[in-house]
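**Student:** PDB, C-alpha atoms and all ligand atoms, saved as query-v5.pdb, coming up:
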MODEL        1
ATOM      1  CA  MET A 188      -5.832  23.857  12.933
ATOM      2  CA  PRO A 189      -9.246  24.059  11.198
ATOM      3  CA  ALA A 190      -9.236  23.844   7.401
ATOM      4  CA  LYS A 191     -10.429  26.804   5.396
ATOM      5  CA  ARG A 192     -13.248  25.547   3.186
ATOM      6  CA  PHE A 193     -11.012  25.581   0.099
ATOM      7  CA  THR A 194      -7.465  26.783  -0.388
ATOM      8  CA  SER A 195      -6.448  28.924  -3.365
ATOM      9  CA  PRO A 196      -4.595  27.096  -6.171
ATOM     10  CA  ALA A 197      -1.453  29.151  -5.473
ATOM     11  CA  GLU A 198      -1.240  27.639  -1.978
ATOM     12  CA  ARG A 199      -1.307  24.032  -3.197
ATOM     13  CA  PRO A 200       1.878  22.051  -2.528
ATOM     14  CA  GLU A 201       4.501  21.657  -5.239
ATOM     15  CA  GLY A 202       3.835  18.637  -7.446
ATOM     16  CA  PHE A 203       0.049  18.855  -7.190
ATOM     17  CA  ILE A 204      -1.843  19.264 -10.481
ATOM     18  CA  TYR A 205      -5.620  19.662 -10.627
ATOM     19  CA  GLU A 206      -7.664  19.892 -13.832
ATOM     20  CA  PRO A 207     -11.470  20.081 -13.917
ATOM     21  CA  ASN A 208     -13.388  18.576 -16.850
ATOM     22  CA  PHE A 209     -10.817  15.912 -17.630
ATOM     23  CA  LEU A 210     -13.759  13.752 -18.741
ATOM     24  CA  SER A 211     -16.856  14.828 -20.641
ATOM     25  CA  GLU A 212     -20.268  13.995 -19.184
ATOM     26  CA  ILE A 213     -20.696  11.346 -21.891
ATOM     27  CA  GLU A 214     -17.381   9.712 -20.994
ATOM     28  CA  GLU A 215     -18.233   9.816 -17.305
ATOM     29  CA  GLY A 216     -21.621   8.187 -17.960
ATOM     30  CA  LYS A 217     -20.018   5.416 -19.997
ATOM     31  CA  LEU A 218     -17.387   4.755 -17.318
ATOM     32  CA  LEU A 219     -20.006   4.702 -14.582
ATOM     33  CA  ARG A 220     -22.081   2.157 -16.459
ATOM     34  CA  THR A 221     -19.045  -0.151 -16.566
ATOM     35  CA  ILE A 222     -17.986   0.588 -12.989
ATOM     36  CA  GLU A 223     -21.461  -0.227 -11.701
ATOM     37  CA  THR A 224     -21.021  -3.780 -13.049
ATOM     38  CA  LEU A 225     -17.716  -4.396 -11.206
ATOM     39  CA  GLU A 226     -17.501  -6.728  -8.243
ATOM     40  CA  PHE A 227     -16.317  -4.435  -5.486
ATOM     41  CA  GLY A 228     -14.695  -5.995  -2.452
ATOM     42  CA  ALA A 229     -13.977  -4.817   1.070
ATOM     43  CA  TYR A 230     -10.764  -2.873   1.648
ATOM     44  CA  ASP A 231      -9.074  -4.843   4.404
ATOM     45  CA  PHE A 232      -6.052  -3.039   5.842
ATOM     46  CA  ARG A 233      -4.357  -5.027   8.606
ATOM     47  CA  GLY A 234      -7.684  -6.428   9.729
ATOM     48  CA  TYR A 235      -9.422  -3.050   9.615
ATOM     49  CA  ILE A 236     -12.275  -3.231   7.105
ATOM     50  CA  ALA A 237     -12.750   0.216   5.621
ATOM     51  CA  LYS A 238     -16.163   1.438   4.587
ATOM     52  CA  ARG A 239     -15.032   2.126   1.043
ATOM     53  CA  ARG A 240     -15.062  -0.773  -1.439
ATOM     54  CA  VAL A 241     -12.489  -1.352  -4.142
ATOM     55  CA  VAL A 242     -11.504  -3.195  -7.300
ATOM     56  CA  ALA A 243      -7.731  -3.295  -7.917
ATOM     57  CA  TYR A 244      -5.784  -4.010 -11.099
ATOM     58  CA  GLY A 245      -2.029  -4.634 -11.042
ATOM     59  CA  GLY A 246      -1.987  -5.645  -7.397
ATOM     60  CA  GLY A 247      -3.498  -4.628  -4.125
ATOM     61  CA  TYR A 248      -3.118  -4.731  -0.386
ATOM     62  CA  ASP A 249      -2.920  -8.328   0.814
ATOM     63  CA  SER A 250      -4.250  -8.611   4.357
ATOM     64  CA  GLY A 251      -2.532 -12.021   4.690
ATOM     65  CA  THR A 252       1.010 -10.820   3.966
ATOM     66  CA  ARG A 253       0.221  -7.286   5.165
ATOM     67  CA  ARG A 254       1.919  -5.949   2.075
ATOM     68  CA  MET A 255       0.946  -4.240  -1.131
ATOM     69  CA  GLU A 256       1.388  -7.127  -3.551
ATOM     70  CA  ILE A 257       2.177  -6.061  -7.122
ATOM     71  CA  THR A 258       0.922  -8.326  -9.909
ATOM     72  CA  ALA A 259       1.521  -8.194 -13.645
ATOM     73  CA  ASP A 260      -2.111  -8.182 -14.786
ATOM     74  CA  VAL A 261      -2.835  -5.592 -17.443
ATOM     75  CA  LEU A 262      -5.313  -2.786 -16.960
ATOM     76  CA  PRO A 263      -8.773  -3.558 -18.353
ATOM     77  CA  ASP A 264      -9.830  -2.032 -21.679
ATOM     78  CA  PHE A 265     -12.223   0.444 -20.103
ATOM     79  CA  LEU A 266      -9.298   2.115 -18.291
ATOM     80  CA  CYS A 267      -6.767   2.171 -21.139
ATOM     81  CA  SER A 268      -7.734   5.383 -22.885
ATOM     82  CA  ILE A 269      -8.200   7.098 -19.508
ATOM     83  CA  ARG A 270      -4.730   5.963 -18.503
ATOM     84  CA  ASP A 271      -3.235   7.336 -21.734
ATOM     85  CA  ARG A 272      -4.852  10.739 -21.257
ATOM     86  CA  ALA A 273      -4.019  10.838 -17.554
ATOM     87  CA  ALA A 274      -0.382  10.137 -18.426
ATOM     88  CA  ALA A 275      -0.438  13.112 -20.793
ATOM     89  CA  VAL A 276      -1.710  15.372 -17.973
ATOM     90  CA  ALA A 277       1.034  14.045 -15.685
ATOM     91  CA  GLY A 278       3.646  14.357 -18.464
ATOM     92  CA  MET A 279       4.789  10.733 -18.354
ATOM     93  CA  PRO A 280       4.723   7.646 -20.599
ATOM     94  CA  ALA A 281       1.402   5.796 -20.258
ATOM     95  CA  GLU A 282       3.180   2.424 -19.900
ATOM     96  CA  GLU A 283       4.534   3.559 -16.537
ATOM     97  CA  ILE A 284       1.003   3.474 -15.116
ATOM     98  CA  THR A 285       0.601  -0.177 -14.176
ATOM     99  CA  HIS A 286      -1.744  -0.016 -11.207
ATOM    100  CA  ALA A 287      -5.371   1.082 -11.012
ATOM    101  CA  LEU A 288      -7.825   1.126  -8.155
ATOM    102  CA  VAL A 289     -11.515   1.840  -8.600
ATOM    103  CA  THR A 290     -13.039   2.936  -5.288
ATOM    104  CA  GLU A 291     -16.685   3.231  -4.325
ATOM    105  CA  TYR A 292     -17.569   5.712  -1.582
ATOM    106  CA  SER A 293     -21.152   5.203  -0.478
ATOM    107  CA  VAL A 294     -22.803   8.121   1.360
ATOM    108  CA  GLY A 295     -20.964   8.780   4.629
ATOM    109  CA  THR A 296     -17.722   7.050   3.561
ATOM    110  CA  PRO A 297     -14.405   8.816   4.228
ATOM    111  CA  ILE A 298     -10.792   7.929   3.570
ATOM    112  CA  GLY A 299      -8.564   8.711   6.525
ATOM    113  CA  TRP A 300      -5.213  10.471   6.608
ATOM    114  CA  HIS A 301      -2.571   8.444   4.788
ATOM    115  CA  ARG A 302       0.325   8.573   2.382
ATOM    116  CA  ASP A 303       0.185   5.979  -0.386
ATOM    117  CA  SER A 304       2.398   2.902  -0.183
ATOM    118  CA  PRO A 305       6.062   3.695  -0.965
ATOM    119  CA  GLN A 306       5.978   0.966  -3.599
ATOM    120  CA  PHE A 307       4.205   3.540  -5.758
ATOM    121  CA  GLU A 308       5.611   6.767  -7.166
ATOM    122  CA  THR A 309       3.175   9.066  -8.965
ATOM    123  CA  VAL A 310      -0.468   8.998  -7.863
ATOM    124  CA  ILE A 311      -3.289  10.184 -10.133
ATOM    125  CA  GLY A 312      -6.950  10.467  -9.105
ATOM    126  CA  ILE A 313     -10.035  10.841 -11.304
ATOM    127  CA  SER A 314     -13.320  11.692  -9.619
ATOM    128  CA  LEU A 315     -16.718  10.472 -10.791
ATOM    129  CA  ARG A 316     -20.347  11.217  -9.959
ATOM    130  CA  SER A 317     -20.084  13.727  -7.080
ATOM    131  CA  THR A 318     -17.779  16.262  -5.462
ATOM    132  CA  ALA A 319     -15.443  15.516  -2.572
ATOM    133  CA  ARG A 320     -13.017  17.535  -0.500
ATOM    134  CA  LEU A 321      -9.411  16.379  -0.708
ATOM    135  CA  ARG A 322      -7.382  17.528   2.286
ATOM    136  CA  LEU A 323      -3.595  17.679   2.318
ATOM    137  CA  LYS A 324      -1.312  18.241   5.291
ATOM    138  CA  PRO A 325       2.378  17.644   5.977
ATOM    139  CA  TYR A 326       3.269  14.003   6.569
ATOM    140  CA  GLN A 327       5.490  14.977   9.464
ATOM    141  CA  GLY A 328       5.326  17.967  11.759
ATOM    142  CA  GLU A 329       2.753  20.710  11.890
ATOM    143  CA  GLY A 330       1.296  22.576   8.960
ATOM    144  CA  LYS A 331      -1.970  23.905   7.775
ATOM    145  CA  ILE A 332      -4.536  21.759   6.028
ATOM    146  CA  ILE A 333      -4.991  22.519   2.344
ATOM    147  CA  SER A 334      -8.419  21.701   0.921
ATOM    148  CA  VAL A 335      -9.102  21.074  -2.752
ATOM    149  CA  MET A 336     -12.586  20.560  -4.142
ATOM    150  CA  LEU A 337     -12.532  17.489  -6.382
ATOM    151  CA  GLU A 338     -15.257  17.990  -8.936
ATOM    152  CA  PRO A 339     -16.799  15.054 -10.781
ATOM    153  CA  ARG A 340     -14.880  14.413 -14.044
ATOM    154  CA  SER A 341     -11.750  16.137 -12.685
ATOM    155  CA  ILE A 342      -8.233  14.756 -12.406
ATOM    156  CA  TYR A 343      -5.454  15.384  -9.905
ATOM    157  CA  VAL A 344      -1.823  14.325  -9.964
ATOM    158  CA  MET A 345       0.458  13.976  -6.934
ATOM    159  CA  ARG A 346       4.158  13.639  -7.582
ATOM    160  CA  GLY A 347       7.377  14.884  -6.004
ATOM    161  CA  PRO A 348       6.985  16.970  -2.831
ATOM    162  CA  VAL A 349       3.206  16.607  -2.461
ATOM    163  CA  ARG A 350       3.466  12.852  -2.979
ATOM    164  CA  TRP A 351       6.179  12.246  -0.396
ATOM    165  CA  ASN A 352       5.984  15.101   2.093
ATOM    166  CA  PHE A 353       2.204  15.303   2.464
ATOM    167  CA  GLN A 354      -0.576  12.969   3.514
ATOM    168  CA  HIS A 355      -4.140  13.211   2.291
ATOM    169  CA  SER A 356      -7.694  12.348   3.310
ATOM    170  CA  ILE A 357     -11.293  12.847   2.186
ATOM    171  CA  PRO A 358     -14.014  13.485   4.789
ATOM    172  CA  ALA A 359     -17.218  11.425   4.594
ATOM    173  CA  VAL A 360     -18.839  12.044   1.224
ATOM    174  CA  LYS A 361     -22.388  13.371   1.027
ATOM    175  CA  GLU A 362     -23.294  11.529  -2.171
ATOM    176  CA  LEU A 363     -22.216   8.283  -3.797
ATOM    177  CA  ARG A 364     -18.794   8.869  -5.351
ATOM    178  CA  TYR A 365     -16.385   6.739  -7.368
ATOM    179  CA  SER A 366     -12.736   7.411  -8.002
ATOM    180  CA  ILE A 367     -10.126   5.876 -10.256
ATOM    181  CA  THR A 368      -6.623   5.961  -8.786
ATOM    182  CA  LEU A 369      -3.757   5.321 -11.211
ATOM    183  CA  ARG A 370      -0.254   4.754  -9.944
ATOM    184  CA  THR A 371       3.239   4.155 -11.267
ATOM    185  CA  LEU A 372       5.667   1.872  -9.474
ATOM    186  CA  ALA A 373       8.521   3.443  -7.530
ATOM    187  CA  LYS A 374      11.684   3.000  -9.598
ATOM    188  CA  LYS A 375      13.797   1.783  -6.694
ATOM    189  CA  ARG A 376      13.071   0.744  -3.124
ATOM    190  CA  ASN A 377      12.224   3.992  -1.498
ATOM    191  CA  SER A 378      14.026   5.146   1.606
ATOM    192  CA  ARG A 379      11.192   7.600   2.169
ATOM    193  CA  ALA A 380       9.021   4.660   3.266
ATOM    194  CA  ALA A 381       7.019   5.185   6.435
TER     195      ALA A 381
HETATM  196  O1  LIG B 401     -10.665   8.792  -3.910
HETATM  197  C1  LIG B 401      -9.646   9.436  -4.038
HETATM  198  O2  LIG B 401      -9.510  10.334  -4.893
HETATM  199  C2  LIG B 401      -8.473   9.176  -3.088
HETATM  200  C3  LIG B 401      -8.061   7.727  -3.051
HETATM  201  C4  LIG B 401      -6.894   7.466  -2.143
HETATM  202  O3  LIG B 401      -6.357   8.343  -1.516
HETATM  203  C5  LIG B 401      -6.370   6.092  -2.012
HETATM  204  O4  LIG B 401      -6.998   5.133  -2.494
HETATM  205  O5  LIG B 401      -5.305   5.926  -1.374
ENDMDL
END
Using the file provided, produce a representation of the structure as structure tokens.

**Tutor:**
Amino acid sequence: MPAKRFTSPAERPEGFIYEPNFLSEIEEGKLLRTIETLEFGAYDFRGYIAKRRVVAYGGGYDSGTRRMEITADVLPDFLCSIRDRAAAVAGMPAEEITHALVTEYSVGTPIGWHRDSPQFETVIGISLRSTARLRLKPYQGEGKIISVMLEPRSIYVMRGPVRWNFQHSIPAVKELRYSITLRTLAKKRNSRAA
């Protein structure tokens, strides 16, 4: 079923929060200056090297063990105040956010349909530098595609039904984009695992 260009906020799945202007332009500029100095690496998922490049804190996908390996490293300073404010938007204690992923999407880079690893619970995304179209559709069965415009400096939160019952993707971006994904760990081994 073709996606309407963008879906009205009322049609968004339960558990999805979107707020534009989470960051000011000054904050975005400062973050970008730091992000541009990071050593991005390839995202290797089961031998498939994605076009997007990433830097992970608190663990990442290990192509050797084919698992999301969680580590105890702390989030870097430049992400701490963002994490605290993101937690306030999501209505949760900041300490629960122990994982961060900074992703670089060069022009023409997509992220395919997926649901995040069941080792994680709440998923928060902050968009930097350019707009992207986030698409959501049911994880199982048929259902229409819901499209949300992710503006630079915006934040989205996925928890509850949208987190577990939907998958998401972003079509190839038209301009360089960065995102910061913050995640909490699932409290117990999740039977909703794919
Ligand atoms: O860039 C984004 O906002 C989405 C990132 C994402 O879905 C992921 O890393 O699993």

**Student:** Could you build a table of the residues in chain A lying no more than 9 Å from ligand LIG 401 (chain B), giving for each the nearest pair of atoms and their separation in Å rounded to one decimal place, using only C-alpha atoms and all ligand atoms, ordered by chain and ascending residue number, as a tab-separated table?

**Tutor:**
residue	atom	partner	partner_atom	distance
A:Val241	CA	B:LIG401	O4	8.7
A:Leu288	CA	B:LIG401	O4	7.0
A:Val289	CA	B:LIG401	O4	8.3
A:Thr290	CA	B:LIG401	O1	6.5
A:Glu291	CA	B:LIG401	O1	8.2
A:Tyr292	CA	B:LIG401	O1	7.9
A:Pro297	CA	B:LIG401	O1	9.0
A:Ile298	CA	B:LIG401	O3	6.8
A:Gly299	CA	B:LIG401	O3	8.3
A:Trp300	CA	B:LIG401	O3	8.5
A:His301	CA	B:LIG401	O5	7.2
A:Arg302	CA	B:LIG401	O5	7.3
A:Asp303	CA	B:LIG401	O5	5.6
A:Ser304	CA	B:LIG401	O5	8.4
A:Val310	CA	B:LIG401	O5	8.7
A:Ile311	CA	B:LIG401	O2	8.1
A:Gly312	CA	B:LIG401	O2	4.9
A:Ile313	CA	B:LIG401	O2	6.5
A:Ser314	CA	B:LIG401	O2	6.2
A:Ala319	CA	B:LIG401	O2	8.2
A:Leu321	CA	B:LIG401	O2	7.4
A:Leu337	CA	B:LIG401	O2	7.9
A:Ile342	CA	B:LIG401	O2	8.8
A:Tyr343	CA	B:LIG401	O2	8.2
A:Gln354	CA	B:LIG401	O3	9.0
A:His355	CA	B:LIG401	O3	6.6
A:Ser356	CA	B:LIG401	O3	6.4
A:Ile357	CA	B:LIG401	C2	7.0
A:Arg364	CA	B:LIG401	O1	8.3
A:Tyr365	CA	B:LIG401	O1	7.0
A:Ser366	CA	B:LIG401	O1	4.8
A:Ile367	CA	B:LIG401	O2	7.0
A:Thr368	CA	B:LIG401	C3	6.2

**Student:** Report, in Å to a single decimal, how far apart atom CA of Thr221 of chain A and atom CA of Val335 of chain A are.

**Tutor:**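 Value for the atom CA of Val335 of chain A-atom CA of Thr221 of chain A distance: 27.2 Å.
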
**Student:** When you look at Thr258 of chain A with a cut-off of 12 Å (counting only C-alpha atoms), what residues show up, excluding the ones that are within fewer than 4 positions of it in the same chain? I need them as a list in words.

**Tutor:**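 Counting only C-alpha atoms, the residues come to Ala243, Tyr244, Gly245, Gly246, Gly247, Tyr248, Asp249, Leu262, Thr285, His286, Ala287 and Leu372 of chain A.
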
**Student:** Can you list what the PyMOL selection byres (((chain A and resi 207) around 7) and not hetatm) grabs from this structure, as a PyMOL selection string?

**Tutor:** chain A and resi 205-206+208-209+338+340-342

**Student:** Between A:Val294, A:Leu210, A:Ala359, A:Ala259, which is the closest to Arg272 of chain A once you count all atoms listed in the file?

**Tutor:**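 Smallest distance to Arg272 of chain A is found for A:Leu210.
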
**Student:** What does the distance from atom CA of Gln327 of chain A to atom CA of Arg370 of chain A come to in Å, to one decimal?

**Tutor:** 22.7 Å

**Student:** I'd like the interatomic distance between atom CA of Ser293 of chain A and atom CA of Arg239 of chain A, to a tenth of an Å.

**Tutor:**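 Separating atom CA of Ser293 of chain A from atom CA of Arg239 of chain A is a distance of 7.0 Å.
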
**Student:** Please return the centre and edge lengths, in Å to one decimal, of a box with edges along x, y and z that contains all listed atoms of segment 221-226 of chain A, widened by 3 Å on every side, as JSON.

**Tutor:**
{"center_x": -19.5, "center_y": -3.1, "center_z": -12.4, "size_x": 10.0, "size_y": 13.3, "size_z": 14.3}

**Student:** Looking at all atoms listed in the file, which of A:Glu308, A:Met255, A:Val360, A:Ser268 is the one that sits closest to Lys374 of chain A?

**Tutor:**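 Checking each candidate against Lys374 of chain A, we get A:Glu308 as the closest.
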
**Student:** Which residues fall under the PyMOL selection byres (((chain A and resi 216-220) around 10) and not hetatm) in this file, as number ranges by chain?

**Tutor:** A: 210-215, 221-225, 265-266, 269, 315-316, 340, 365

**Student:** Hey, what's within 6 Å of segment 330-334 of chain A if we count all atoms listed in the file and toss same-chain stuff fewer than 5 positions away? As a VMD selection string, please?

**Tutor:** chain A and resid 190 193 to 194 321 to 325

**Student:** Using only C-alpha atoms, please write the residues we just selected to a file, as a compact mmCIF listing (two decimals), in the coordinates of the input.

**Tutor:**
# COMPACT_ATOMS: atom_id res chain seq x y z
CA ALA A 190 -9.24 23.84 7.40
CA PHE A 193 -11.01 25.58 0.10
CA THR A 194 -7.46 26.78 -0.39
CA LEU A 321 -9.41 16.38 -0.71
CA ARG A 322 -7.38 17.53 2.29
CA LEU A 323 -3.60 17.68 2.32
CA LYS A 324 -1.31 18.24 5.29
CA PRO A 325 2.38 17.64 5.98

**Student:** Between A:Ala281, A:Thr296, A:Gly202, A:Ala275, which is the closest to Phe353 of chain A once you count all atoms listed in the file?

**Tutor:**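 With all atoms listed in the file as the atom set, the closest residue is A:Gly202.
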
**Student:** Nearest to Asp271 of chain A: which of A:Ile204, A:Ala373, A:Ile257, A:Ile284 is it, counting all atoms listed in the file?

**Tutor:** A:Ile284
